[in-house]
Amino acid sequence: MRKYWWKIVAIVFIVYAIIGGFLMPAPDNLGIIQKSIRNLHFHVPMWFTMIIMLFTSYIAGILFLAKTNLKYDSLASSFVKVAMLFGLMGLATGSFWARFTWSEWWIEDAKLNGAAIGIMIYLAYYILRNSIEDDVKKGKFTAVYNLFAFPIFIVLIIIYPRMAETSLHPASGDTVGFSDLDLDNNLRKVFYVATFGWILLGTWIATLKYRLTELQRKDEEI
Amino acid sequence: MAASAQTPLDDVFYSSGKIYVVIAVLVIIFLGIAFYLFRLDRKITKLEKKNEA
């Protein structure tokens with residue numbers, strides 16, 4: 001019997017975040033952001049979920065290189081795939097939010113361009129995967145690619161935007177993050193729960209994908 | 001800059017309490033998706049058991 005409790009936690013947390021995101025008090029009068037500050041509870045968890053899942057895939061890649069067990073390759077590729085789903089939702093929601101705060105769908109900004117390049121690195125991961133026939137070889141090549149991709153990805157979406165001189169995006173360049181605006185901790189009460197809930201939900205979807213990939217692989221072996 | 005000003009719409013939504021309707025709709029949609037994920041999970045578990053046997 002599989003344990004379902006953490007999946008229920010994921011759902012309860014996200015439902016709380018949807019309700020709390022609308023109804024809990026928040027700094028609703030910040031400059032160009034106004035009530036769209038509440039997007040914090042939905043847009044940002046997409047990215048956090050993506051990063052955690054790419055990290056999982058990175059670890060799975062290392063395990064594959066150490067043990068050459070194909071289940072670790074299935075794990076790595078499934079988590080990257082679902083991480084990309086969350087990354088694309090992060091890009092889409094960010095672009096939409098930008099349209100109504102910065103009045104453009106996309107701007108030249110270290111944070112945005114870094115994220116876009118980061119996503120492309122992982123899209124190339126799939127091109128690499130699909131170009132190799134042999135399963136073990138495919139696993140090894142992509143695990144080594146992943147070994148380099150993840151650190152570069154973190155630099156691109158976190159470190160490089162921080163080092164930029166200017167940026168419009170919060171917590172990059174010369175801007176402050178939400179923690180400096182959230183003086184009465186109202187945002188945190190929803191945001192942390194939302195982030196944790198989405199990470200659990202993403203992990204759930206990725207494990208489903210992983211289990212399906214494993215079933216397919218075992219089916220082909222017979 | 002459409003969303004930068006407090007529009008009359010969101011005042012009406014919040015003051016009349018109708019924002020709750022929107023929240024309820026979002027919660028229903030999300031619970032529907034969650035329910036479907038549970039069903040998928042069960043189906044995969046069944047397949048796994050069949051595979052092991």
# chains A, B, ... in the order shown; residues from 1 in each chain; ligands from 1
>>> interface_residues(of="chain A", to="chain B", cutoff="8 Å", atoms="only C-alpha atoms", output="list in words")
Ile11, Val15, Ile18, Ile19, Phe22, Gly31, Ile32, Ile33, Gln34, Ser36, Arg99, Phe100, Thr101, Trp102, Ser103, Ile205, Leu208, Arg211, Leu212 and Leu215 of chain A
>>> residues_around(residues="Arg38 (chain A)", least_positions_apart="4", cutoff="8 Å", atoms="only C-alpha atoms", output="VMD selection string")
chain A and resid 21 to 22 26 42
>>> write_last_selection(atoms="C-alpha atoms", output="mmCIF file, in the first residue's frame")
data_model
loop_
_atom_site.group_PDB
_atom_site.id
_atom_site.type_symbol
_atom_site.label_atom_id
_atom_site.label_comp_id
_atom_site.auth_asym_id
_atom_site.auth_seq_id
_atom_site.Cartn_x
_atom_site.Cartn_y
_atom_site.Cartn_z
ATOM 1 C CA GLY A 21 -3.867 34.191 -1.474
ATOM 2 C CA PHE A 22 -7.068 36.097 -2.136
ATOM 3 C CA ALA A 26 -1.263 41.672 2.086
ATOM 4 C CA PHE A 42 1.300 31.453 -7.441
#
>>> residues_around(residues="Tyr192 (chain A)", least_positions_apart="2", cutoff="10 Å", atoms="only C-alpha atoms", output="PDB file with N, CA and C atoms, in the first residue's frame")
ATOM      1  N   PHE A  13      -2.568  22.118   1.295  1.00  0.00           N
ATOM      2  CA  PHE A  13      -1.733  23.323   1.305  1.00  0.00           C
ATOM      3  C   PHE A  13      -2.066  24.241   0.127  1.00  0.00           C
ATOM      4  N   ALA A  17      -3.605  27.939   0.017  1.00  0.00           N
ATOM      5  CA  ALA A  17      -2.908  29.039  -0.651  1.00  0.00           C
ATOM      6  C   ALA A  17      -3.846  29.785  -1.611  1.00  0.00           C
ATOM      7  N   HIS A  41       2.117  34.302  -4.503  1.00  0.00           N
ATOM      8  CA  HIS A  41       1.772  32.966  -3.995  1.00  0.00           C
ATOM      9  C   HIS A  41       1.576  31.934  -5.103  1.00  0.00           C
ATOM     10  N   PRO A  45       6.100  30.006  -6.509  1.00  0.00           N
ATOM     11  CA  PRO A  45       6.203  28.562  -6.238  1.00  0.00           C
ATOM     12  C   PRO A  45       6.479  27.710  -7.475  1.00  0.00           C
ATOM     13  N   LEU A 187       2.495  38.051   4.074  1.00  0.00           N
ATOM     14  CA  LEU A 187       2.728  37.279   2.855  1.00  0.00           C
ATOM     15  C   LEU A 187       3.300  35.908   3.182  1.00  0.00           C
ATOM     16  N   ARG A 188       4.202  35.886   4.163  1.00  0.00           N
ATOM     17  CA  ARG A 188       4.853  34.621   4.503  1.00  0.00           C
ATOM     18  C   ARG A 188       3.853  33.547   4.904  1.00  0.00           C
ATOM     19  N   LYS A 189       2.800  33.959   5.608  1.00  0.00           N
ATOM     20  CA  LYS A 189       1.823  32.984   6.099  1.00  0.00           C
ATOM     21  C   LYS A 189       1.199  32.196   4.962  1.00  0.00           C
ATOM     22  N   VAL A 190       1.100  32.809   3.798  1.00  0.00           N
ATOM     23  CA  VAL A 190       0.543  32.083   2.659  1.00  0.00           C
ATOM     24  C   VAL A 190       1.664  31.527   1.779  1.00  0.00           C
ATOM     25  N   ALA A 194       2.186  27.795   0.321  1.00  0.00           N
ATOM     26  CA  ALA A 194       1.972  27.613  -1.117  1.00  0.00           C
ATOM     27  C   ALA A 194       3.174  26.929  -1.756  1.00  0.00           C
ATOM     28  N   THR A 195       4.366  27.418  -1.440  1.00  0.00           N
ATOM     29  CA  THR A 195       5.579  26.856  -2.029  1.00  0.00           C
ATOM     30  C   THR A 195       5.724  25.379  -1.678  1.00  0.00           C
ATOM     31  N   PHE A 196       5.526  25.064  -0.402  1.00  0.00           N
ATOM     32  CA  PHE A 196       5.664  23.684   0.034  1.00  0.00           C
ATOM     33  C   PHE A 196       4.612  22.806  -0.654  1.00  0.00           C
ATOM     34  N   GLY A 197       3.389  23.303  -0.738  1.00  0.00           N
ATOM     35  CA  GLY A 197       2.322  22.544  -1.390  1.00  0.00           C
ATOM     36  C   GLY A 197       2.625  22.261  -2.847  1.00  0.00           C
TER      37      GLY A 197
END
>>> closest_residue(among="A:Leu88, A:Ala10, A:Ala110, A:Ile59", to="Tyr72 (chain A)", atoms="only C-alpha atoms")
A:Ile59
>>> residues_around(residues="region 150-152 of chain A", least_positions_apart="3", cutoff="9 Å", atoms="only C-alpha atoms", output="number ranges by chain")
A: 54-55, 58, 118, 121-122, 145-147, 155-157
>>> select_by_dssp(residues="region 11-87 of chain A", states="helix (DSSP H, G or I)", output="PyMOL selection string")
chain A and resi 11-23+34-67+70-87
>>> residues_around(residues="Ser57 (chain A)", least_positions_apart="5", cutoff="7 Å", atoms="only C-alpha atoms", output="list in words")
Leu75, Ala76, Ser77, Phe79 and Val80 of chain A
>>> atom_distance(atom1="CA of Ser95 (chain A)", atom2="CA of Leu40 (chain A)")
13.5 Å
>>> decode(residues="region 79-171 of chain A", atoms="C-alpha atoms", output="JSON list (two decimals), in the first residue's frame")
[["chain", "number", "residue", "atom", "x", "y", "z"],
["A", 79, "PHE", "CA", 11.77, 14.94, -12.99],
["A", 80, "VAL", "CA", 13.32, 17.12, -15.69],
["A", 81, "LYS", "CA", 10.19, 16.77, -17.80],
["A", 82, "VAL", "CA", 7.80, 17.85, -15.05],
["A", 83, "ALA", "CA", 10.26, 20.55, -13.96],
["A", 84, "MET", "CA", 10.01, 21.97, -17.50],
["A", 85, "LEU", "CA", 6.22, 22.08, -17.19],
["A", 86, "PHE", "CA", 6.57, 24.17, -14.04],
["A", 87, "GLY", "CA", 9.28, 26.32, -15.62],
["A", 88, "LEU", "CA", 7.10, 27.09, -18.62],
["A", 89, "MET", "CA", 4.22, 27.97, -16.30],
["A", 90, "GLY", "CA", 6.64, 30.23, -14.42],
["A", 91, "LEU", "CA", 7.59, 31.95, -17.67],
["A", 92, "ALA", "CA", 3.97, 32.30, -18.81],
["A", 93, "THR", "CA", 2.67, 33.67, -15.51],
["A", 94, "GLY", "CA", 5.68, 35.97, -15.19],
["A", 95, "SER", "CA", 5.18, 37.30, -18.69],
["A", 96, "PHE", "CA", 1.50, 37.96, -18.01],
["A", 97, "TRP", "CA", 2.29, 39.68, -14.72],
["A", 98, "ALA", "CA", 4.94, 41.79, -16.46],
["A", 99, "ARG", "CA", 2.40, 42.93, -19.04],
["A", 100, "PHE", "CA", 0.27, 44.50, -16.28],
["A", 101, "THR", "CA", 3.05, 45.91, -14.12],
["A", 102, "TRP", "CA", 5.93, 46.76, -16.48],
["A", 103, "SER", "CA", 3.50, 47.10, -19.44],
["A", 104, "GLU", "CA", 5.51, 44.70, -21.65],
["A", 105, "TRP", "CA", 5.20, 40.96, -22.15],
["A", 106, "TRP", "CA", 8.96, 40.61, -22.10],
["A", 107, "ILE", "CA", 11.75, 43.02, -21.23],
["A", 108, "GLU", "CA", 15.51, 42.91, -21.50],
["A", 109, "ASP", "CA", 16.29, 41.94, -17.95],
["A", 110, "ALA", "CA", 18.92, 39.73, -16.35],
["A", 111, "LYS", "CA", 16.34, 37.71, -14.44],
["A", 112, "LEU", "CA", 14.09, 37.06, -17.43],
["A", 113, "ASN", "CA", 16.84, 36.31, -19.90],
["A", 114, "GLY", "CA", 18.68, 34.13, -17.39],
["A", 115, "ALA", "CA", 15.52, 32.09, -16.81],
["A", 116, "ALA", "CA", 14.86, 31.75, -20.54],
["A", 117, "ILE", "CA", 18.39, 30.51, -21.23],
["A", 118, "GLY", "CA", 18.13, 28.16, -18.24],
["A", 119, "ILE", "CA", 14.99, 26.60, -19.68],
["A", 120, "MET", "CA", 16.65, 26.22, -23.08],
["A", 121, "ILE", "CA", 19.53, 24.30, -21.49],
["A", 122, "TYR", "CA", 17.06, 21.71, -20.30],
["A", 123, "LEU", "CA", 15.19, 21.61, -23.60],
["A", 124, "ALA", "CA", 18.54, 20.68, -25.13],
["A", 125, "TYR", "CA", 18.70, 17.89, -22.54],
["A", 126, "TYR", "CA", 15.74, 16.32, -24.34],
["A", 127, "ILE", "CA", 17.22, 16.78, -27.77],
["A", 128, "LEU", "CA", 20.30, 14.97, -26.48],
["A", 129, "ARG", "CA", 18.18, 12.16, -24.99],
["A", 130, "ASN", "CA", 16.24, 11.60, -28.17],
["A", 131, "SER", "CA", 19.37, 11.44, -30.26],
["A", 132, "ILE", "CA", 20.83, 8.35, -28.52],
["A", 133, "GLU", "CA", 19.44, 4.86, -29.10],
["A", 134, "ASP", "CA", 21.15, 2.71, -26.50],
["A", 135, "ASP", "CA", 19.54, 3.09, -23.04],
["A", 136, "VAL", "CA", 22.69, 2.87, -20.94],
["A", 137, "LYS", "CA", 24.60, 5.20, -23.23],
["A", 138, "LYS", "CA", 21.65, 7.60, -23.23],
["A", 139, "GLY", "CA", 21.58, 7.54, -19.43],
["A", 140, "LYS", "CA", 25.29, 8.19, -19.11],
["A", 141, "PHE", "CA", 25.42, 11.00, -21.66],
["A", 142, "THR", "CA", 22.45, 12.80, -20.17],
["A", 143, "ALA", "CA", 23.64, 12.30, -16.59],
["A", 144, "VAL", "CA", 26.96, 13.90, -17.46],
["A", 145, "TYR", "CA", 25.14, 16.70, -19.30],
["A", 146, "ASN", "CA", 22.95, 17.16, -16.22],
["A", 147, "LEU", "CA", 26.04, 17.33, -14.02],
["A", 148, "PHE", "CA", 27.07, 20.49, -15.82],
["A", 149, "ALA", "CA", 23.60, 21.81, -16.64],
["A", 150, "PHE", "CA", 22.30, 22.15, -13.08],
["A", 151, "PRO", "CA", 25.10, 24.36, -11.68],
["A", 152, "ILE", "CA", 24.98, 26.54, -14.81],
["A", 153, "PHE", "CA", 21.21, 26.74, -14.47],
["A", 154, "ILE", "CA", 21.45, 27.93, -10.85],
["A", 155, "VAL", "CA", 24.01, 30.55, -11.86],
["A", 156, "LEU", "CA", 21.76, 31.75, -14.68],
["A", 157, "ILE", "CA", 18.53, 32.08, -12.74],
["A", 158, "ILE", "CA", 19.80, 33.12, -9.30],
["A", 159, "ILE", "CA", 23.39, 34.34, -9.20],
["A", 160, "TYR", "CA", 23.66, 36.17, -12.53],
["A", 161, "PRO", "CA", 20.46, 38.24, -11.98],
["A", 162, "ARG", "CA", 21.68, 39.16, -8.46],
["A", 163, "MET", "CA", 24.95, 40.40, -9.90],
["A", 164, "ALA", "CA", 23.32, 42.47, -12.62],
["A", 165, "GLU", "CA", 23.52, 46.22, -12.13],
["A", 166, "THR", "CA", 19.87, 46.90, -12.66],
["A", 167, "SER", "CA", 16.75, 44.83, -12.89],
["A", 168, "LEU", "CA", 13.02, 45.30, -12.61],
["A", 169, "HIS", "CA", 12.47, 41.86, -11.16],
["A", 170, "PRO", "CA", 12.36, 41.64, -7.34],
["A", 171, "ALA", "CA", 15.46, 40.27, -5.59]]
